[in-house]
Amino acid sequence: MSTFTVGFIGAGNMGYAILKGAAESPFGTQLSLHAYDPDAEKCSRLAAFGVTSCASGREVLDCCKFVFLAIKPQMFDSVLEELAPSVTKDTVLVSIAAGITAEYIRSKTIPEAKVILVMPNTPLLLGEGAVAMAKCEPTTAEEFIVIRRIFEACGMVSEVPEQKMKEIIAINGSSPAFIYLYAKAFVDYAAKEGIAQETALPLFAQSLIGSAKMLTDSGYSIEELIRMVSSPGGTTLAGLEQLYAGKLEETVDAACTACTKRAYELSK
């Protein structure tokens, strides 16, 4: 059985979630996991999962073929400058940062660097992530599968063309925040009507879960599902009329467009 050396530079919430999911999955027996974070406490909490702490990003790179760049976009310049001397043609660099491109990573390391771009989301923390991934040449299919299996340990994965990785951010990367804001509005309405959050939030959250399953598993289209809830002259239609009047769909489009615009700005 092959063993794959996998390192993380950055062990914050997202890095921690991915490492934990990988270590606890059946695939974890094939992984030798390493991590570095300037905050030593973030690495020490990973020891329980068999993750080896490293003293620097260079040390991670020197002992691992697959290296996750689990850092903020603003940190890439300085981190890649430090790592560049250790990047080889065999290294596979995995970026989970919004807006970062393979071209940019190669410009800061080596022209032939292997790169995999990933847009995860925070539900990875509960093993319920939705992850978009793009394989960038000259990364091999076999190398890509290793990283895909790591993410499949903590959620579902979809492969996306490299040129659409900025556009996908709004769909799965940022959308949890948009959904939380939507949920807050329902909970705030409940509070206004004298219904406690302890009652309203679980009801609305389960409605989200059930509605999501209907979208993925029922076989009905989105339009059909809306009609199934909307009795003629009923309460749902009365509410939908207000959402249409408030141009909910246009607002969502504007939010996604702004999200994508910012991703392009970050990539420059």
# chains A, B, ... in the order shown; residues from 1 in each chain; ligands from 1
>>> closest_atom_pairs(of="region 145-264 of chain A", to="region 17-39 of chain A", cutoff="8 Å", atoms="only C-alpha atoms", output="JSON lines")
{"residue": "A:Arg149", "atom": "CA", "partner": "A:Phe27", "partner_atom": "CA", "distance": 7.3}
{"residue": "A:Ile150", "atom": "CA", "partner": "A:Ala22", "partner_atom": "CA", "distance": 5.2}
{"residue": "A:Phe151", "atom": "CA", "partner": "A:Ile18", "partner_atom": "CA", "distance": 6.9}
{"residue": "A:Ala153", "atom": "CA", "partner": "A:Gly21", "partner_atom": "CA", "distance": 5.5}
{"residue": "A:Cys154", "atom": "CA", "partner": "A:Gly21", "partner_atom": "CA", "distance": 5.2}
>>> write_last_selection(atoms="N, CA and C atoms", output="PDB file, in the first residue's frame")
ATOM      1  N   ARG A 149      -9.437  12.502  -2.773  1.00  0.00           N
ATOM      2  CA  ARG A 149      -9.826  11.541  -1.726  1.00  0.00           C
ATOM      3  C   ARG A 149      -9.747  12.179  -0.340  1.00  0.00           C
ATOM      4  N   ILE A 150      -8.795  13.074  -0.147  1.00  0.00           N
ATOM      5  CA  ILE A 150      -8.698  13.778   1.136  1.00  0.00           C
ATOM      6  C   ILE A 150      -9.957  14.608   1.378  1.00  0.00           C
ATOM      7  N   PHE A 151     -10.407  15.330   0.363  1.00  0.00           N
ATOM      8  CA  PHE A 151     -11.595  16.167   0.538  1.00  0.00           C
ATOM      9  C   PHE A 151     -12.875  15.337   0.598  1.00  0.00           C
ATOM     10  N   ALA A 153     -13.200  12.831   2.221  1.00  0.00           N
ATOM     11  CA  ALA A 153     -13.304  12.365   3.601  1.00  0.00           C
ATOM     12  C   ALA A 153     -14.116  13.329   4.458  1.00  0.00           C
ATOM     13  N   CYS A 154     -14.272  14.578   4.011  1.00  0.00           N
ATOM     14  CA  CYS A 154     -15.008  15.553   4.821  1.00  0.00           C
ATOM     15  C   CYS A 154     -16.100  16.277   4.033  1.00  0.00           C
TER      16      CYS A 154
END
>>> residues_around(residues="Arg58 (chain A)", least_positions_apart="3", cutoff="12 Å", atoms="only C-alpha atoms", output="number ranges by chain")
A: 7-9, 34-37, 54-55, 61-64, 67, 79-87
>>> select_by_dssp(residues="region 26-262 of chain A", states="alpha helix (DSSP H)", output="ChimeraX atom specification")
/A:40-44,57-63,76-83,102-108,141-152,175-192,197-217,222-229,235-245,248-262
>>> residues_around(residues="Glu159 (chain A)", least_positions_apart="3", cutoff="10 Å", atoms="only C-alpha atoms", output="list in words")
Val118, Val131, Ala132, Met133, Ala134, Lys135, Arg148, Glu162 and Met165 of chain A
>>> atom_distance(atom1="CA of Met156 (chain A)", atom2="CA of Ala130 (chain A)")
5.2 Å
>>> atom_distance(atom1="CA of Leu69 (chain A)", atom2="CA of Asp253 (chain A)")
29.9 Å
>>> closest_residue(among="A:Met119, A:Ala254, A:Ala40, A:Leu237", to="Val160 (chain A)", atoms="only C-alpha atoms")
A:Met119
>>> atom_distance(atom1="CA of Met228 (chain A)", atom2="CA of Met214 (chain A)")
11.2 Å
>>> select_by_dssp(residues="region 41-212 of chain A", states="strand (DSSP E)", output="PyMOL selection string")
chain A and resi 52-53+66-69+92-95+114-119+129-136+155-159
>>> decode(residues="region 106-193 of chain A", atoms="C-alpha atoms", output="JSON list (two decimals), in the first residue's frame")
[["chain", "number", "residue", "atom", "x", "y", "z"],
["A", 106, "ARG", "CA", 4.11, 29.37, -10.79],
["A", 107, "SER", "CA", 5.30, 32.97, -11.18],
["A", 108, "LYS", "CA", 6.37, 32.95, -7.53],
["A", 109, "THR", "CA", 7.91, 29.43, -7.50],
["A", 110, "ILE", "CA", 8.92, 27.54, -10.66],
["A", 111, "PRO", "CA", 7.35, 27.69, -14.15],
["A", 112, "GLU", "CA", 6.59, 23.96, -14.18],
["A", 113, "ALA", "CA", 5.02, 23.79, -10.69],
["A", 114, "LYS", "CA", 2.14, 21.33, -10.28],
["A", 115, "VAL", "CA", -0.93, 23.05, -8.83],
["A", 116, "ILE", "CA", -4.38, 21.99, -7.68],
["A", 117, "LEU", "CA", -6.88, 24.77, -6.97],
["A", 118, "VAL", "CA", -9.56, 24.09, -4.35],
["A", 119, "MET", "CA", -12.52, 26.08, -3.10],
["A", 120, "PRO", "CA", -13.75, 24.43, 0.12],
["A", 121, "ASN", "CA", -16.32, 25.73, 2.58],
["A", 122, "THR", "CA", -16.64, 25.88, 6.36],
["A", 123, "PRO", "CA", -19.11, 22.95, 6.72],
["A", 124, "LEU", "CA", -15.96, 20.82, 6.27],
["A", 125, "LEU", "CA", -15.66, 21.33, 10.03],
["A", 126, "LEU", "CA", -18.66, 18.98, 10.44],
["A", 127, "GLY", "CA", -17.73, 16.62, 7.62],
["A", 128, "GLU", "CA", -20.42, 18.20, 5.43],
["A", 129, "GLY", "CA", -18.27, 20.25, 3.07],
["A", 130, "ALA", "CA", -18.99, 21.13, -0.55],
["A", 131, "VAL", "CA", -15.67, 21.33, -2.38],
["A", 132, "ALA", "CA", -14.84, 22.54, -5.90],
["A", 133, "MET", "CA", -11.51, 21.40, -7.36],
["A", 134, "ALA", "CA", -9.51, 22.09, -10.52],
["A", 135, "LYS", "CA", -6.52, 20.12, -11.80],
["A", 136, "CYS", "CA", -3.92, 22.35, -13.42],
["A", 137, "GLU", "CA", -1.35, 20.99, -15.86],
["A", 138, "PRO", "CA", 1.12, 19.34, -15.49],
["A", 139, "THR", "CA", -0.50, 17.75, -12.39],
["A", 140, "THR", "CA", -1.27, 14.10, -13.16],
["A", 141, "ALA", "CA", -4.63, 12.40, -12.75],
["A", 142, "GLU", "CA", -3.11, 10.13, -10.08],
["A", 143, "GLU", "CA", -1.89, 13.13, -8.07],
["A", 144, "PHE", "CA", -5.25, 14.84, -8.36],
["A", 145, "ILE", "CA", -7.04, 11.74, -7.06],
["A", 146, "VAL", "CA", -4.95, 11.77, -3.86],
["A", 147, "ILE", "CA", -6.16, 15.28, -3.02],
["A", 148, "ARG", "CA", -9.71, 14.52, -4.12],
["A", 149, "ARG", "CA", -9.83, 11.54, -1.73],
["A", 150, "ILE", "CA", -8.70, 13.78, 1.14],
["A", 151, "PHE", "CA", -11.60, 16.17, 0.54],
["A", 152, "GLU", "CA", -14.08, 13.35, 0.00],
["A", 153, "ALA", "CA", -13.30, 12.37, 3.60],
["A", 154, "CYS", "CA", -15.01, 15.55, 4.82],
["A", 155, "GLY", "CA", -17.68, 16.27, 2.22],
["A", 156, "MET", "CA", -18.68, 16.05, -1.42],
["A", 157, "VAL", "CA", -16.43, 17.09, -4.29],
["A", 158, "SER", "CA", -17.07, 18.47, -7.78],
["A", 159, "GLU", "CA", -14.39, 19.02, -10.42],
["A", 160, "VAL", "CA", -14.54, 22.46, -12.05],
["A", 161, "PRO", "CA", -12.59, 23.86, -15.04],
["A", 162, "GLU", "CA", -9.59, 25.88, -13.89],
["A", 163, "GLN", "CA", -10.91, 29.03, -15.59],
["A", 164, "LYS", "CA", -14.15, 28.87, -13.54],
["A", 165, "MET", "CA", -12.59, 28.65, -10.06],
["A", 166, "LYS", "CA", -13.27, 32.32, -9.33],
["A", 167, "GLU", "CA", -16.89, 32.09, -10.44],
["A", 168, "ILE", "CA", -17.55, 29.00, -8.30],
["A", 169, "ILE", "CA", -16.63, 30.81, -5.06],
["A", 170, "ALA", "CA", -20.09, 32.36, -4.72],
["A", 171, "ILE", "CA", -21.77, 28.99, -5.24],
["A", 172, "ASN", "CA", -20.11, 26.99, -2.47],
["A", 173, "GLY", "CA", -17.36, 29.02, -0.81],
["A", 174, "SER", "CA", -19.22, 32.19, 0.16],
["A", 175, "SER", "CA", -22.80, 30.90, -0.01],
["A", 176, "PRO", "CA", -22.84, 29.57, 3.60],
["A", 177, "ALA", "CA", -22.52, 33.17, 4.83],
["A", 178, "PHE", "CA", -25.35, 34.24, 2.52],
["A", 179, "ILE", "CA", -27.50, 31.37, 3.83],
["A", 180, "TYR", "CA", -26.72, 32.30, 7.46],
["A", 181, "LEU", "CA", -27.85, 35.87, 6.80],
["A", 182, "TYR", "CA", -31.07, 34.54, 5.25],
["A", 183, "ALA", "CA", -31.57, 32.33, 8.33],
["A", 184, "LYS", "CA", -31.01, 35.30, 10.64],
["A", 185, "ALA", "CA", -33.86, 37.17, 8.97],
["A", 186, "PHE", "CA", -36.26, 34.28, 9.71],
["A", 187, "VAL", "CA", -35.08, 33.99, 13.31],
["A", 188, "ASP", "CA", -35.39, 37.77, 13.75],
["A", 189, "TYR", "CA", -38.95, 37.62, 12.40],
["A", 190, "ALA", "CA", -39.75, 34.83, 14.87],
["A", 191, "ALA", "CA", -38.38, 36.90, 17.77],
["A", 192, "LYS", "CA", -40.52, 39.86, 16.66],
["A", 193, "GLU", "CA", -43.55, 37.58, 16.86]]
